[in-house]
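S.K.: Just one file: entry-v7.cif, with mmCIF, C-alpha atoms.
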```
data_start
loop_
_atom_site.label_atom_id
_atom_site.label_comp_id
_atom_site.auth_asym_id
_atom_site.auth_seq_id
_atom_site.Cartn_x
_atom_site.Cartn_y
_atom_site.Cartn_z
CA MET A 476 29.80 204.04 3.28
CA SER A 477 31.10 207.39 4.52
CA VAL A 478 34.76 208.21 5.03
CA PHE A 479 34.26 207.97 8.80
CA ASP A 480 32.76 204.49 8.54
CA GLN A 481 35.74 203.44 6.47
CA LEU A 482 38.16 204.92 9.03
CA ASP A 483 36.32 203.05 11.80
CA ALA A 484 36.56 199.80 9.85
CA ALA A 485 40.28 200.33 9.22
CA ARG A 486 40.92 201.04 12.92
CA ASP A 487 38.97 197.93 13.84
CA ALA A 488 40.99 195.81 11.41
CA VAL A 489 44.34 197.07 12.75
CA ARG A 490 43.18 196.43 16.32
CA LEU A 491 42.37 192.89 15.30
CA TRP A 492 45.94 192.38 14.04
CA PHE A 493 47.32 193.15 17.48
CA ALA A 494 44.62 191.48 19.58
CA PRO A 495 44.24 188.29 17.55
CA ALA A 496 42.68 186.34 20.39
CA ARG A 497 39.54 188.37 19.73
CA VAL A 498 39.11 186.52 16.42
CA GLN A 499 38.62 183.27 18.32
CA GLU A 500 35.92 184.72 20.54
CA GLU A 501 33.54 185.17 17.63
CA GLY A 502 31.48 182.50 15.93
CA GLU A 503 32.49 178.84 15.93
CA THR A 504 35.75 177.15 15.01
CA PRO A 505 35.76 176.13 11.33
CA ASP A 506 37.09 172.82 10.00
CA TYR A 507 40.85 172.94 10.59
CA ARG A 508 41.44 172.18 6.90
CA PHE A 509 39.87 175.49 5.91
CA SER A 510 42.15 177.30 8.35
CA LEU A 511 45.16 175.50 6.88
CA ALA A 512 44.09 176.54 3.37
CA ASN A 513 43.85 180.12 4.65
CA GLU A 514 47.35 179.77 6.10
CA ARG A 515 48.71 178.56 2.74
CA THR A 516 47.14 181.56 1.00
CA PHE A 517 48.82 183.78 3.59
CA LEU A 518 52.16 182.11 2.83
CA ALA A 519 51.62 182.51 -0.92
CA TRP A 520 51.19 186.26 -0.40
CA ILE A 521 54.31 186.31 1.77
CA ARG A 522 56.22 184.63 -1.07
CA THR A 523 54.89 187.27 -3.47
CA ALA A 524 56.18 189.93 -1.08
CA LEU A 525 59.55 188.13 -0.87
CA ALA A 526 59.75 188.01 -4.68
CA LEU A 527 59.16 191.77 -4.86
CA ILE A 528 61.72 192.46 -2.11
CA GLY A 529 64.25 190.13 -3.76
CA GLY A 530 63.54 191.89 -7.07
CA GLY A 531 64.35 195.20 -5.40
CA PHE A 532 67.71 193.82 -4.18
CA ALA A 533 68.42 192.33 -7.62
CA VAL A 534 67.69 195.60 -9.45
CA ASP A 535 70.08 197.43 -7.16
CA GLN A 536 72.84 194.86 -7.62
CA PHE A 537 72.62 193.65 -11.20
CA LEU A 538 71.51 196.70 -13.20
CA THR A 539 74.44 198.94 -12.21
CA ASP A 540 75.73 199.01 -15.81
CA HIS A 541 72.32 199.36 -17.42
CA LEU A 542 70.42 202.03 -15.54
CA THR A 543 71.26 205.51 -14.33
CA HIS A 544 71.57 205.82 -10.55
CA TRP A 545 68.20 207.45 -9.97
CA ALA A 546 66.26 205.09 -12.25
CA ARG A 547 67.79 202.22 -10.30
CA VAL A 548 66.99 203.70 -6.89
CA ALA A 549 63.42 204.54 -7.94
CA LEU A 550 62.76 201.08 -9.33
CA ALA A 551 64.32 199.30 -6.34
CA LEU A 552 62.35 201.42 -3.84
CA ALA A 553 59.11 200.86 -5.80
CA LEU A 554 59.63 197.09 -5.69
CA LEU A 555 60.46 197.18 -1.96
CA ALA A 556 57.34 199.28 -1.30
CA GLY A 557 55.31 196.71 -3.25
CA GLY A 558 56.74 194.02 -0.99
CA VAL A 559 55.71 195.95 2.11
CA ALA A 560 52.17 196.41 0.73
CA CYS A 561 51.90 192.67 -0.02
CA THR A 562 53.05 191.81 3.50
CA LEU A 563 50.51 194.07 5.19
CA ARG A 564 47.75 192.77 2.95
CA ALA A 565 48.77 189.18 3.69
CA VAL A 566 48.20 189.65 7.43
CA ASN A 567 45.03 191.69 6.98
CA HIS A 568 43.47 189.25 4.52
CA TRP A 569 44.37 186.26 6.69
CA VAL A 570 42.69 187.77 9.77
CA ARG A 571 39.61 188.85 7.81
CA CYS A 572 39.19 185.44 6.13
CA GLU A 573 39.59 183.66 9.47
CA ARG A 574 36.92 185.89 11.01
CA ALA A 575 34.56 185.46 8.06
CA MET A 576 34.90 181.67 8.27
CA ARG A 577 34.12 181.72 11.99
CA GLN A 578 31.04 183.85 11.45
CA GLY A 579 29.87 181.90 8.41
CA ALA A 580 30.00 185.11 6.38
CA ASN A 581 31.15 185.54 2.79
CA LEU A 582 34.90 185.72 2.35
CA PRO A 583 36.17 189.27 1.93
CA VAL A 584 36.87 190.42 -1.60
CA SER A 585 39.32 193.18 -2.47
CA ARG A 586 40.75 194.95 -5.45
CA PHE A 587 44.32 194.54 -4.17
CA PRO A 588 45.28 191.79 -6.67
CA ALA A 589 44.06 193.92 -9.58
CA VAL A 590 45.92 196.99 -8.28
CA LEU A 591 49.10 194.96 -7.77
CA ALA A 592 48.81 193.53 -11.30
CA LEU A 593 48.37 197.05 -12.72
CA ILE A 594 51.40 198.39 -10.82
CA VAL A 595 53.59 195.50 -11.98
CA ALA A 596 52.38 196.05 -15.57
CA VAL A 597 53.14 199.80 -15.33
CA ILE A 598 56.65 199.10 -13.98
CA ALA A 599 57.26 196.61 -16.79
CA LEU A 600 56.06 199.09 -19.44
CA ALA A 601 58.18 201.85 -17.89
CA MET A 602 61.23 199.60 -18.10
CA VAL A 603 60.48 198.88 -21.78
CA GLY A 604 60.26 202.65 -22.29
CA VAL A 605 63.56 203.24 -20.48
CA VAL A 606 65.32 200.64 -22.61
CA VAL A 607 63.80 201.83 -25.91
CA ALA A 608 64.47 205.51 -25.16
CA GLY A 609 68.10 204.63 -24.54
CA TRP A 610 68.26 206.07 -21.01
CA ALA A 611 69.66 202.75 -19.99
CA GLY A 612 73.34 203.53 -19.36
CA MET B 822 39.27 135.67 -0.36
CA THR B 823 39.08 138.50 2.11
CA ARG B 824 39.19 142.02 0.85
CA ARG B 825 41.40 144.41 2.81
CA GLN B 826 39.30 146.99 4.56
CA PRO B 827 40.39 150.63 4.29
CA VAL B 828 42.03 151.68 7.53
CA GLU B 829 40.24 154.44 9.39
CA THR B 830 42.68 157.11 10.54
CA ASP B 831 42.31 160.61 11.86
CA ARG B 832 44.62 161.85 9.09
CA ASP B 833 43.10 164.13 6.49
CA PRO B 834 43.06 162.18 3.18
CA GLY B 835 43.69 165.49 1.39
CA LEU B 836 47.06 165.79 3.19
CA GLN B 837 46.32 169.38 4.18
CA PRO B 838 48.87 169.52 7.04
CA GLU B 839 51.57 168.16 4.71
CA ARG B 840 50.72 170.70 2.03
CA THR B 841 50.84 173.48 4.56
CA ARG B 842 54.19 172.23 5.83
CA LEU B 843 55.57 172.28 2.30
CA ALA B 844 54.21 175.81 1.83
CA TRP B 845 56.24 176.86 4.88
CA ARG B 846 59.31 175.17 3.38
CA ARG B 847 58.83 176.96 0.04
CA THR B 848 58.49 180.25 1.83
CA THR B 849 61.64 179.58 3.88
CA LEU B 850 63.47 178.85 0.64
CA SER B 851 62.29 182.15 -0.90
CA CYS B 852 63.35 183.93 2.26
CA ALA B 853 66.80 182.31 2.04
CA VAL B 854 67.21 183.56 -1.55
CA VAL B 855 66.33 187.08 -0.47
CA ALA B 856 68.73 186.81 2.48
CA VAL B 857 71.55 185.72 0.15
CA LEU B 858 70.81 188.67 -2.16
CA ALA B 859 70.89 190.93 0.90
CA GLY B 860 74.24 189.47 1.93
CA ARG B 861 75.63 190.16 -1.54
CA GLN B 862 74.96 193.87 -1.01
CA ALA B 863 77.68 193.99 1.64
CA LEU B 864 80.35 192.44 -0.61
CA PRO B 865 81.94 195.42 -2.38
CA GLY B 866 83.27 196.80 0.87
CA GLY B 867 80.24 198.91 1.80
CA SER B 868 80.04 201.42 4.61
CA THR B 869 79.36 200.59 8.25
CA TYR B 870 75.67 201.42 7.71
CA VAL B 871 75.41 198.90 4.88
CA THR B 872 77.06 196.18 6.97
CA LEU B 873 74.71 196.96 9.84
CA ALA B 874 71.65 196.83 7.56
CA VAL B 875 72.78 193.52 6.05
CA GLY B 876 73.32 192.11 9.54
CA LEU B 877 69.78 193.06 10.49
CA ALA B 878 68.47 191.45 7.28
CA ALA B 879 70.29 188.24 8.26
CA LEU B 880 68.69 188.48 11.70
CA ALA B 881 65.24 188.82 10.08
CA PHE B 882 65.94 185.63 8.10
CA LEU B 883 66.98 183.75 11.25
CA VAL B 884 63.81 184.84 13.05
CA PHE B 885 61.73 183.66 10.08
CA LEU B 886 63.60 180.34 10.08
CA ARG B 887 62.75 179.85 13.76
CA LEU B 888 59.06 180.71 13.22
CA ALA B 889 58.80 178.35 10.23
CA HIS B 890 60.51 175.54 12.12
CA ARG B 891 58.14 175.92 15.09
CA ARG B 892 55.08 175.93 12.84
CA ILE B 893 56.33 172.90 10.88
CA GLN B 894 56.61 171.04 14.18
CA GLN B 895 53.07 172.08 15.14
CA LEU B 896 51.85 170.76 11.78
CA ASN B 897 53.07 167.26 12.66
CA ALA B 898 49.85 166.76 14.60
CA ALA B 899 46.99 165.00 12.80
CA GLN B 900 44.72 167.98 13.42
CA PRO B 901 47.06 170.95 13.85
CA ILE B 902 46.06 174.01 15.81
CA LEU B 903 45.32 177.31 14.11
CA LEU B 904 48.36 179.37 13.16
CA PRO B 905 48.90 181.64 16.19
CA ALA B 906 48.23 185.21 15.08
CA GLY B 907 51.41 186.27 16.85
CA SER B 908 53.38 184.10 14.43
CA ALA B 909 51.62 185.68 11.45
CA LEU B 910 52.48 189.15 12.77
CA ALA B 911 56.07 188.10 13.43
CA VAL B 912 56.37 186.79 9.85
CA ALA B 913 55.06 190.13 8.60
CA ALA B 914 57.56 191.94 10.83
CA CYS B 915 60.42 189.89 9.29
CA MET B 916 59.28 190.88 5.79
CA LEU B 917 59.02 194.53 6.80
CA GLY B 918 62.51 194.31 8.27
CA LEU B 919 63.95 192.85 5.07
CA ALA B 920 62.26 195.55 2.97
CA LEU B 921 63.37 198.37 5.29
CA PHE B 922 66.99 197.20 5.45
CA GLY B 923 66.89 196.75 1.67
CA ALA B 924 65.65 200.31 1.24
CA ALA B 925 68.40 201.56 3.58
CA VAL B 926 71.07 199.76 1.54
CA VAL B 927 69.68 201.06 -1.76
CA TRP B 928 69.57 204.59 -0.42
CA TRP B 929 73.16 204.73 0.86
#
```
Show this structure as structure tokens.
M.R.:
Amino acid sequence: MSVFDQLDAARDAVRLWFAPARVQEEGETPDYRFSLANERTFLAWIRTALALIGGGFAVDQFLTDHLTHWARVALALALLAGGVACTLRAVNHWVRCERAMRQGANLPVSRFPAVLALIVAVIALAMVGVVVAGWAG
Amino acid sequence: MTRRQPVETDRDPGLQPERTRLAWRRTTLSCAVVAVLAGRQALPGGSTYVTLAVGLAALAFLVFLRLAHRRIQQLNAAQPILLPAGSALAVAACMLGLALFGAAVVWW
């Protein structure tokens, strides 16, 4: 798949977010229970995003005595950015799953969960490093 | 002795609408926790910008509350309609708002 194909696919996906009625034009309506399961998965991702955003707030508020200013700002902004990424993925994945179910195609797979897990692990390790190295205020 | 026949209903025996309704409630609860944390940011007498950002975060929570409430009412039907994509986008917009206002507060 060339870069241009990927760009086309991305543009198509974003269009679908904003013209959602198009999803219902394709294929046939799946069992409503599958759609509800898809909705619950969407909400689970939204909760993950909320946890990251809340974590960002908490870092900014509760680590004032334990981290230097810039370490705190960097960590809080990283967590908030993670929350934004989770939110965007939640909508994108929900639309793509709904479309796949209508068309009887395989559900989309993605490496987002693995990437998110890696980022969270890196942040955790970095925090261990910060504490051990004694940069923590 | 007559055995009681199982009653045929149009309810899903797997209680999918109920589970989905509870998922919305859980998410609302998470959102409330984040909103409270956001409100705490304004406590130590922050600047006007911080107060403004916290106010917008509270607004994002109220919008989410309204969306969740509407969807929970839709899910009262035996065979609920598909989540309107506009609602999904609006939920995402609320999350983006919370994150953006959070970033603004952290920065100032």
S.K.: Compute the set of chain B residues within 6 Å of chain A, using all atoms listed in the file, and express it as a PDB file with C-alpha atoms, in the frame of the given file.
M.R.:
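This went into out_8.pdb:
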```pdb
ATOM      1  CA  THR B 841      50.840 173.480   4.560  1.00  0.00           C
ATOM      2  CA  THR B 848      58.490 180.250   1.830  1.00  0.00           C
ATOM      3  CA  VAL B 855      66.330 187.080  -0.470  1.00  0.00           C
ATOM      4  CA  ALA B 906      48.230 185.210  15.080  1.00  0.00           C
ATOM      5  CA  ALA B 913      55.060 190.130   8.600  1.00  0.00           C
ATOM      6  CA  LEU B 917      59.020 194.530   6.800  1.00  0.00           C
ATOM      7  CA  ALA B 920      62.260 195.550   2.970  1.00  0.00           C
TER       8      ALA B 920
END
```
S.K.: Could you tell me how far CA of Arg861 (chain B) lies from CA of Ala874 (chain B), in Å and to one decimal?
M.R.: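 Interatomic distance, CA of Arg861 (chain B) to CA of Ala874 (chain B): 12.0 Å.
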S.K.: Counting only C-alpha atoms, which of B:Ala899, B:Ala889, B:Ala844, B:Leu910 gets nearest to Val489 (chain A)?
M.R.: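 Going through B:Ala899, B:Ala889, B:Ala844, B:Leu910 one by one, the smallest distance to Val489 (chain A) is for B:Leu910.
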S.K.: Using Å and a single decimal, report how far CA of Pro583 (chain A) sits from CA of Ala488 (chain A).
M.R.: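 A separation of 12.5 Å between them.
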S.K.: Grab the CA of Ile893 (chain B) to CA of Thr849 (chain B) distance for me, in Å with one decimal place.
M.R.: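 Those two atoms sit 11.0 Å apart.
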S.K.: Considering only C-alpha atoms, return as a list of chain:residue names whatever protein or nucleic-acid residues lie within 12 Å of Leu873 (chain B), sequence-local ones (same chain, fewer than 2 positions apart) excluded.
M.R.: B:Ala859, B:Gly860, B:Gln862, B:Ala863, B:Gly867, B:Ser868, B:Thr869, B:Tyr870, B:Val871, B:Val875, B:Gly876, B:Leu877, B:Ala878, B:Ala879, B:Leu880, B:Phe922, B:Gly923, B:Ala925, B:Val926, B:Trp929
S.K.: Please identify all polymer residues within 12 Å of Ala580 (chain A), counting all atoms listed in the file, omitting same-chain residues fewer than 2 positions from it, and present them as a ChimeraX atom specification.
M.R.: /A:501-503,505,571-578,582-584
S.K.: Hey, what comes out of the PyMOL selection byres ((chain B and resi 833) around 12) on this file? Could you write it as a compact mmCIF listing (two decimals) with C-alpha atoms, in the coordinates of the input?
M.R.:
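This went into expr_11.txt:
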```txt
# COMPACT_ATOMS: atom_id res chain seq x y z
CA ASP A 506 37.09 172.82 10.00
CA TYR A 507 40.85 172.94 10.59
CA ARG A 508 41.44 172.18 6.90
CA PHE A 509 39.87 175.49 5.91
CA LEU A 511 45.16 175.50 6.88
CA GLU B 829 40.24 154.44 9.39
CA THR B 830 42.68 157.11 10.54
CA ASP B 831 42.31 160.61 11.86
CA ARG B 832 44.62 161.85 9.09
CA PRO B 834 43.06 162.18 3.18
CA GLY B 835 43.69 165.49 1.39
CA LEU B 836 47.06 165.79 3.19
CA GLN B 837 46.32 169.38 4.18
CA PRO B 838 48.87 169.52 7.04
CA GLU B 839 51.57 168.16 4.71
CA ARG B 840 50.72 170.70 2.03
CA ALA B 898 49.85 166.76 14.60
CA ALA B 899 46.99 165.00 12.80
CA GLN B 900 44.72 167.98 13.42
CA PRO B 901 47.06 170.95 13.85
```
S.K.: Tell me which protein, DNA and RNA residues are within 12 Å of Ala546 (chain A), counting all atoms listed in the file, leaving out same-chain ones fewer than 3 positions away, and put them as a list of chain:residue names.
M.R.: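 Residues near the query, excluding close chain neighbours: A:Val534, A:Asp535, A:Leu538, A:Thr539, A:Asp540, A:His541, A:Leu542, A:Thr543, A:Ala549, A:Leu550, A:Ala551, A:Leu552, A:Ala553, A:Ile598, A:Ala601, A:Met602, A:Gly604, A:Val605, A:Val606, A:Trp610, A:Ala611, A:Gly612, B:Val927.
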S.K.: Env of Arg891 (chain B): 12 Å cut, atoms = only C-alpha atoms, seq-sep filter 5 positions within chain, self excluded. Answer as a VMD selection string.
M.R.: chain B and resid 842 845 to 846 884 to 886 896 to 897 904 to 905 908
